[in-house]
Structures are given as C-alpha cells and as structure tokens.
Amino acid sequence: MTGEPRIPCGHAAQPAPAHSNDAIAHIADKASLRASLKAARRALDPAEKARRDALIGARVLAWWRGLDAAGARALGVYWPLRGEPDLQPLYLELARAGVALALPLVVAPDTALAFVEWVPGEAMVSDRMGVAVPAGQRLVERPALLLVPCLGFTAERYRLGYGGGYYDRTLEALPRPYTVGVAYAADQVAFAGGPHDVALDRVLTEA
C-alpha cells in the first residue's frame, strides 16, 4: 500500500476540549481498536506470522532499492515487540549493503525519541520501556528515513500506536523524516485522526 505525500491532520478543526463527549468517545474508540488488534496478533499462527514477515521484508527491500544512493545510506528501524513484524533478516541484509541503521531510544516520558547507531549482532540491553537497544549507546542524528511499526493504520495512512505518543512527538520536528509504516494488511482500521496526528508517507504490508 502506497500513498501521496504526507497529509497533515486536524488542519481545519480545533482540538476538542479535554472533557468533551467527542474527545472521550475518540479515546475509547482507539482503546477498543488497540485491544482488538493486540488480540489478533496474539492469535496469529507463528508459521503464518513468519511468512508474512518475510513478505513485508521483501517489500521494504524493494522500496529501499528504488531509492537514490544518497537517500539510502541511513535508515531508522525498530526492534520488534508485542507481535510486530520481525524484519531482522532484512536489517542484516541492509547492514551488509552498507546501510547505517539506527534504533529509537526512549530518553524520557513525553519527549521525542532519540536514535542510536545499531549494528546487527551487537550486544543488546533493555531500555526504560523494556525495548532492546544496543548496550553501547552511540547517539546519532534522527535519520531522514524511518521504518515505523504500526499497531493499526487507516486508509489515509494515520498510524495507531500504543498510546505513548513517542513517534508523534518525533515527527513534530521539522524537517520531518520520510516515514514508512510497517504493518499487517489485517491491521487496517478506521478512526478519526487527532489534531497532532501526521499521516505516514507510505504503509507497507505483506499484501
């Protein structure tokens, strides 16, 4: 699934008051979607998951090969958790091709993500959120290209995450990176984007 350039969200409407019925319903709707998507991932057969992950990896690799040489030198990736597509074989292939990989790092609550250099195979530890990061944390500038895991996504390429808002804050800073959402095709859902949501530039699935 691909799309046109990023669509800013909430450009016409003002944010709903924090305690309005609409805002409460919006939060409840996203919570319900998250619960449903998490359950579906837990129920996914491991062999089927591996098949889908391999297909997604192939699609991401094809996208990367279509980039110009300068634009393909660095890539922000993610360490899979909670049933997210596992693209580690792809990361190894990209590293062998000379791509500088970076993993996100949570440095504090309610802040943008930092990024650290990562070489597949190096020693890893858990960060404050329980996510694997390199033991030797070598901070780098935020890459201009990011693979962003999605718990869910809409036809308009708005991302549904886990509710922490880390990627939202990361994408606020200009110039924004080019973002490629990674998800399963069955993760496509419908919800109204919030005033701070930014549409992904592209979403790649196994389909």
# chains A, B, ... in the order shown; residues from 1 in each chain; ligands from 1
$ closest_atom_pairs --of "region 62-180 of chain A" --to "region 29-33 of chain A" --cutoff "10 Å" --atoms "only C-alpha atoms" --output "tab-separated table"
residue	atom	partner	partner_atom	distance
A:Leu151	CA	A:Leu33	CA	9.2
A:Gly152	CA	A:Leu33	CA	8.1
A:Leu160	CA	A:Lys30	CA	7.8
A:Gly161	CA	A:Lys30	CA	9.4
A:Tyr162	CA	A:Ala31	CA	9.0
A:Gly163	CA	A:Ala31	CA	8.6
$ select_by_dssp --residues "region 22-130 of chain A" --states "helix (DSSP H, G or I)" --output "ChimeraX atom specification"
/A:22-42,46-65,70-72,88-96
$ select_by_dssp --residues "region 35-110 of chain A" --states "strand (DSSP E)" --output "list in words"
Ala74, Leu75, Gly76, Ala100, Leu101, Ala102, Leu103, Pro104 and Leu105 of chain A
$ closest_residue --among "A:Ala62, A:Leu75, A:Met124, A:Leu113" --to "Gly98 (chain A)" --atoms "only C-alpha atoms"
A:Leu75
$ closest_residue --among "A:Leu147, A:Val99, A:Arg82, A:Ala74" --to "Ala43 (chain A)" --atoms "only C-alpha atoms"
A:Arg82
$ closest_residue --among "A:Asp197, A:Val189, A:Leu61, A:Arg142" --to "Ala112 (chain A)" --atoms "only C-alpha atoms"
A:Arg142
$ closest_atom_pairs --of "region 21-112 of chain A" --to "region 182-185 of chain A" --cutoff "12 Å" --atoms "only C-alpha atoms" --output "JSON lines"
{"residue": "A:Leu37", "atom": "CA", "partner": "A:Tyr184", "partner_atom": "CA", "distance": 10.4}
{"residue": "A:Ala40", "atom": "CA", "partner": "A:Tyr184", "partner_atom": "CA", "distance": 10.7}
{"residue": "A:Arg41", "atom": "CA", "partner": "A:Tyr184", "partner_atom": "CA", "distance": 9.4}
{"residue": "A:Leu44", "atom": "CA", "partner": "A:Tyr184", "partner_atom": "CA", "distance": 10.9}
{"residue": "A:Glu48", "atom": "CA", "partner": "A:Tyr184", "partner_atom": "CA", "distance": 11.4}
{"residue": "A:Lys49", "atom": "CA", "partner": "A:Tyr184", "partner_atom": "CA", "distance": 9.3}
{"residue": "A:Ala50", "atom": "CA", "partner": "A:Tyr184", "partner_atom": "CA", "distance": 11.6}
{"residue": "A:Arg51", "atom": "CA", "partner": "A:Tyr184", "partner_atom": "CA", "distance": 11.2}
{"residue": "A:Arg52", "atom": "CA", "partner": "A:Tyr184", "partner_atom": "CA", "distance": 7.5}
{"residue": "A:Asp53", "atom": "CA", "partner": "A:Tyr184", "partner_atom": "CA", "distance": 8.5}
{"residue": "A:Ala54", "atom": "CA", "partner": "A:Tyr184", "partner_atom": "CA", "distance": 11.5}
{"residue": "A:Leu55", "atom": "CA", "partner": "A:Tyr184", "partner_atom": "CA", "distance": 10.1}
{"residue": "A:Ile56", "atom": "CA", "partner": "A:Val182", "partner_atom": "CA", "distance": 7.7}
{"residue": "A:Gly57", "atom": "CA", "partner": "A:Val182", "partner_atom": "CA", "distance": 9.5}
{"residue": "A:Arg59", "atom": "CA", "partner": "A:Val182", "partner_atom": "CA", "distance": 10.1}
{"residue": "A:Val60", "atom": "CA", "partner": "A:Val182", "partner_atom": "CA", "distance": 8.7}
{"residue": "A:Val77", "atom": "CA", "partner": "A:Val182", "partner_atom": "CA", "distance": 10.2}
{"residue": "A:Tyr78", "atom": "CA", "partner": "A:Val182", "partner_atom": "CA", "distance": 9.9}
{"residue": "A:Pro80", "atom": "CA", "partner": "A:Val182", "partner_atom": "CA", "distance": 10.8}
{"residue": "A:Gly83", "atom": "CA", "partner": "A:Ala183", "partner_atom": "CA", "distance": 10.3}
{"residue": "A:Glu84", "atom": "CA", "partner": "A:Ala183", "partner_atom": "CA", "distance": 7.4}
{"residue": "A:Pro85", "atom": "CA", "partner": "A:Ala183", "partner_atom": "CA", "distance": 6.7}
{"residue": "A:Asp86", "atom": "CA", "partner": "A:Val182", "partner_atom": "CA", "distance": 9.9}
{"residue": "A:Leu87", "atom": "CA", "partner": "A:Val182", "partner_atom": "CA", "distance": 9.6}
$ write_last_selection --atoms "N, CA and C atoms" --output "short mmCIF file (atom, residue, chain, number, x, y, z; two decimals), in the first residue's frame"
data_model
loop_
_atom_site.label_atom_id
_atom_site.label_comp_id
_atom_site.auth_asym_id
_atom_site.auth_seq_id
_atom_site.Cartn_x
_atom_site.Cartn_y
_atom_site.Cartn_z
N LEU A 37 -6.72 -5.33 18.04
CA LEU A 37 -5.54 -5.61 17.22
C LEU A 37 -4.51 -6.43 17.99
N ALA A 40 -5.67 -10.03 18.03
CA ALA A 40 -5.48 -10.67 16.74
C ALA A 40 -4.03 -11.08 16.53
N ARG A 41 -3.11 -10.24 16.97
CA ARG A 41 -1.69 -10.58 16.83
C ARG A 41 -1.30 -11.77 17.71
N LEU A 44 -2.20 -15.02 16.04
CA LEU A 44 -1.60 -15.33 14.74
C LEU A 44 -0.67 -16.53 14.85
N GLU A 48 2.54 -18.67 10.08
CA GLU A 48 1.91 -17.67 9.22
C GLU A 48 2.53 -16.30 9.46
N LYS A 49 2.83 -15.99 10.72
CA LYS A 49 3.48 -14.72 11.02
C LYS A 49 4.83 -14.63 10.32
N ALA A 50 5.61 -15.71 10.39
CA ALA A 50 6.92 -15.72 9.74
C ALA A 50 6.79 -15.52 8.23
N ARG A 51 5.77 -16.12 7.64
CA ARG A 51 5.54 -15.96 6.20
C ARG A 51 5.23 -14.50 5.86
N ARG A 52 4.36 -13.89 6.64
CA ARG A 52 4.00 -12.50 6.41
C ARG A 52 5.20 -11.59 6.63
N ASP A 53 5.97 -11.87 7.68
CA ASP A 53 7.15 -11.04 7.95
C ASP A 53 8.13 -11.08 6.78
N ALA A 54 8.33 -12.26 6.20
CA ALA A 54 9.24 -12.39 5.06
C ALA A 54 8.73 -11.58 3.86
N LEU A 55 7.43 -11.60 3.63
CA LEU A 55 6.86 -10.83 2.52
C LEU A 55 7.02 -9.33 2.75
N ILE A 56 6.79 -8.89 3.99
CA ILE A 56 6.97 -7.48 4.30
C ILE A 56 8.43 -7.08 4.12
N GLY A 57 9.34 -7.94 4.59
CA GLY A 57 10.76 -7.64 4.43
C GLY A 57 11.13 -7.49 2.97
N ARG A 59 9.19 -6.50 0.55
CA ARG A 59 8.61 -5.26 0.04
C ARG A 59 9.42 -4.05 0.51
N VAL A 60 9.86 -4.08 1.75
CA VAL A 60 10.69 -2.98 2.24
C VAL A 60 12.01 -2.95 1.48
N VAL A 77 15.22 2.07 12.00
CA VAL A 77 14.44 0.83 12.02
C VAL A 77 13.85 0.66 13.42
N TYR A 78 13.30 -0.49 13.71
CA TYR A 78 12.71 -0.73 15.03
C TYR A 78 12.98 -2.16 15.45
N PRO A 80 11.40 -5.42 17.04
CA PRO A 80 10.01 -5.88 17.15
C PRO A 80 9.61 -6.25 18.57
N GLY A 83 4.42 -8.65 19.07
CA GLY A 83 3.90 -9.25 17.85
C GLY A 83 4.08 -8.41 16.60
N GLU A 84 4.90 -7.36 16.66
CA GLU A 84 5.14 -6.54 15.47
C GLU A 84 5.88 -7.35 14.41
N PRO A 85 5.75 -6.99 13.13
CA PRO A 85 6.50 -7.69 12.09
C PRO A 85 8.00 -7.68 12.41
N ASP A 86 8.60 -8.85 12.35
CA ASP A 86 10.02 -9.02 12.67
C ASP A 86 10.81 -8.95 11.37
N LEU A 87 11.56 -7.88 11.19
CA LEU A 87 12.31 -7.66 9.95
C LEU A 87 13.82 -7.81 10.15
#
$ closest_residue --among "A:Ala144, A:Ala95, A:Leu139, A:Ala199" --to "Pro177 (chain A)" --atoms "only C-alpha atoms"
A:Ala144
$ closest_residue --among "A:Leu94, A:Tyr167, A:Trp79, A:Ala108" --to "Val133 (chain A)" --atoms "only C-alpha atoms"
A:Trp79
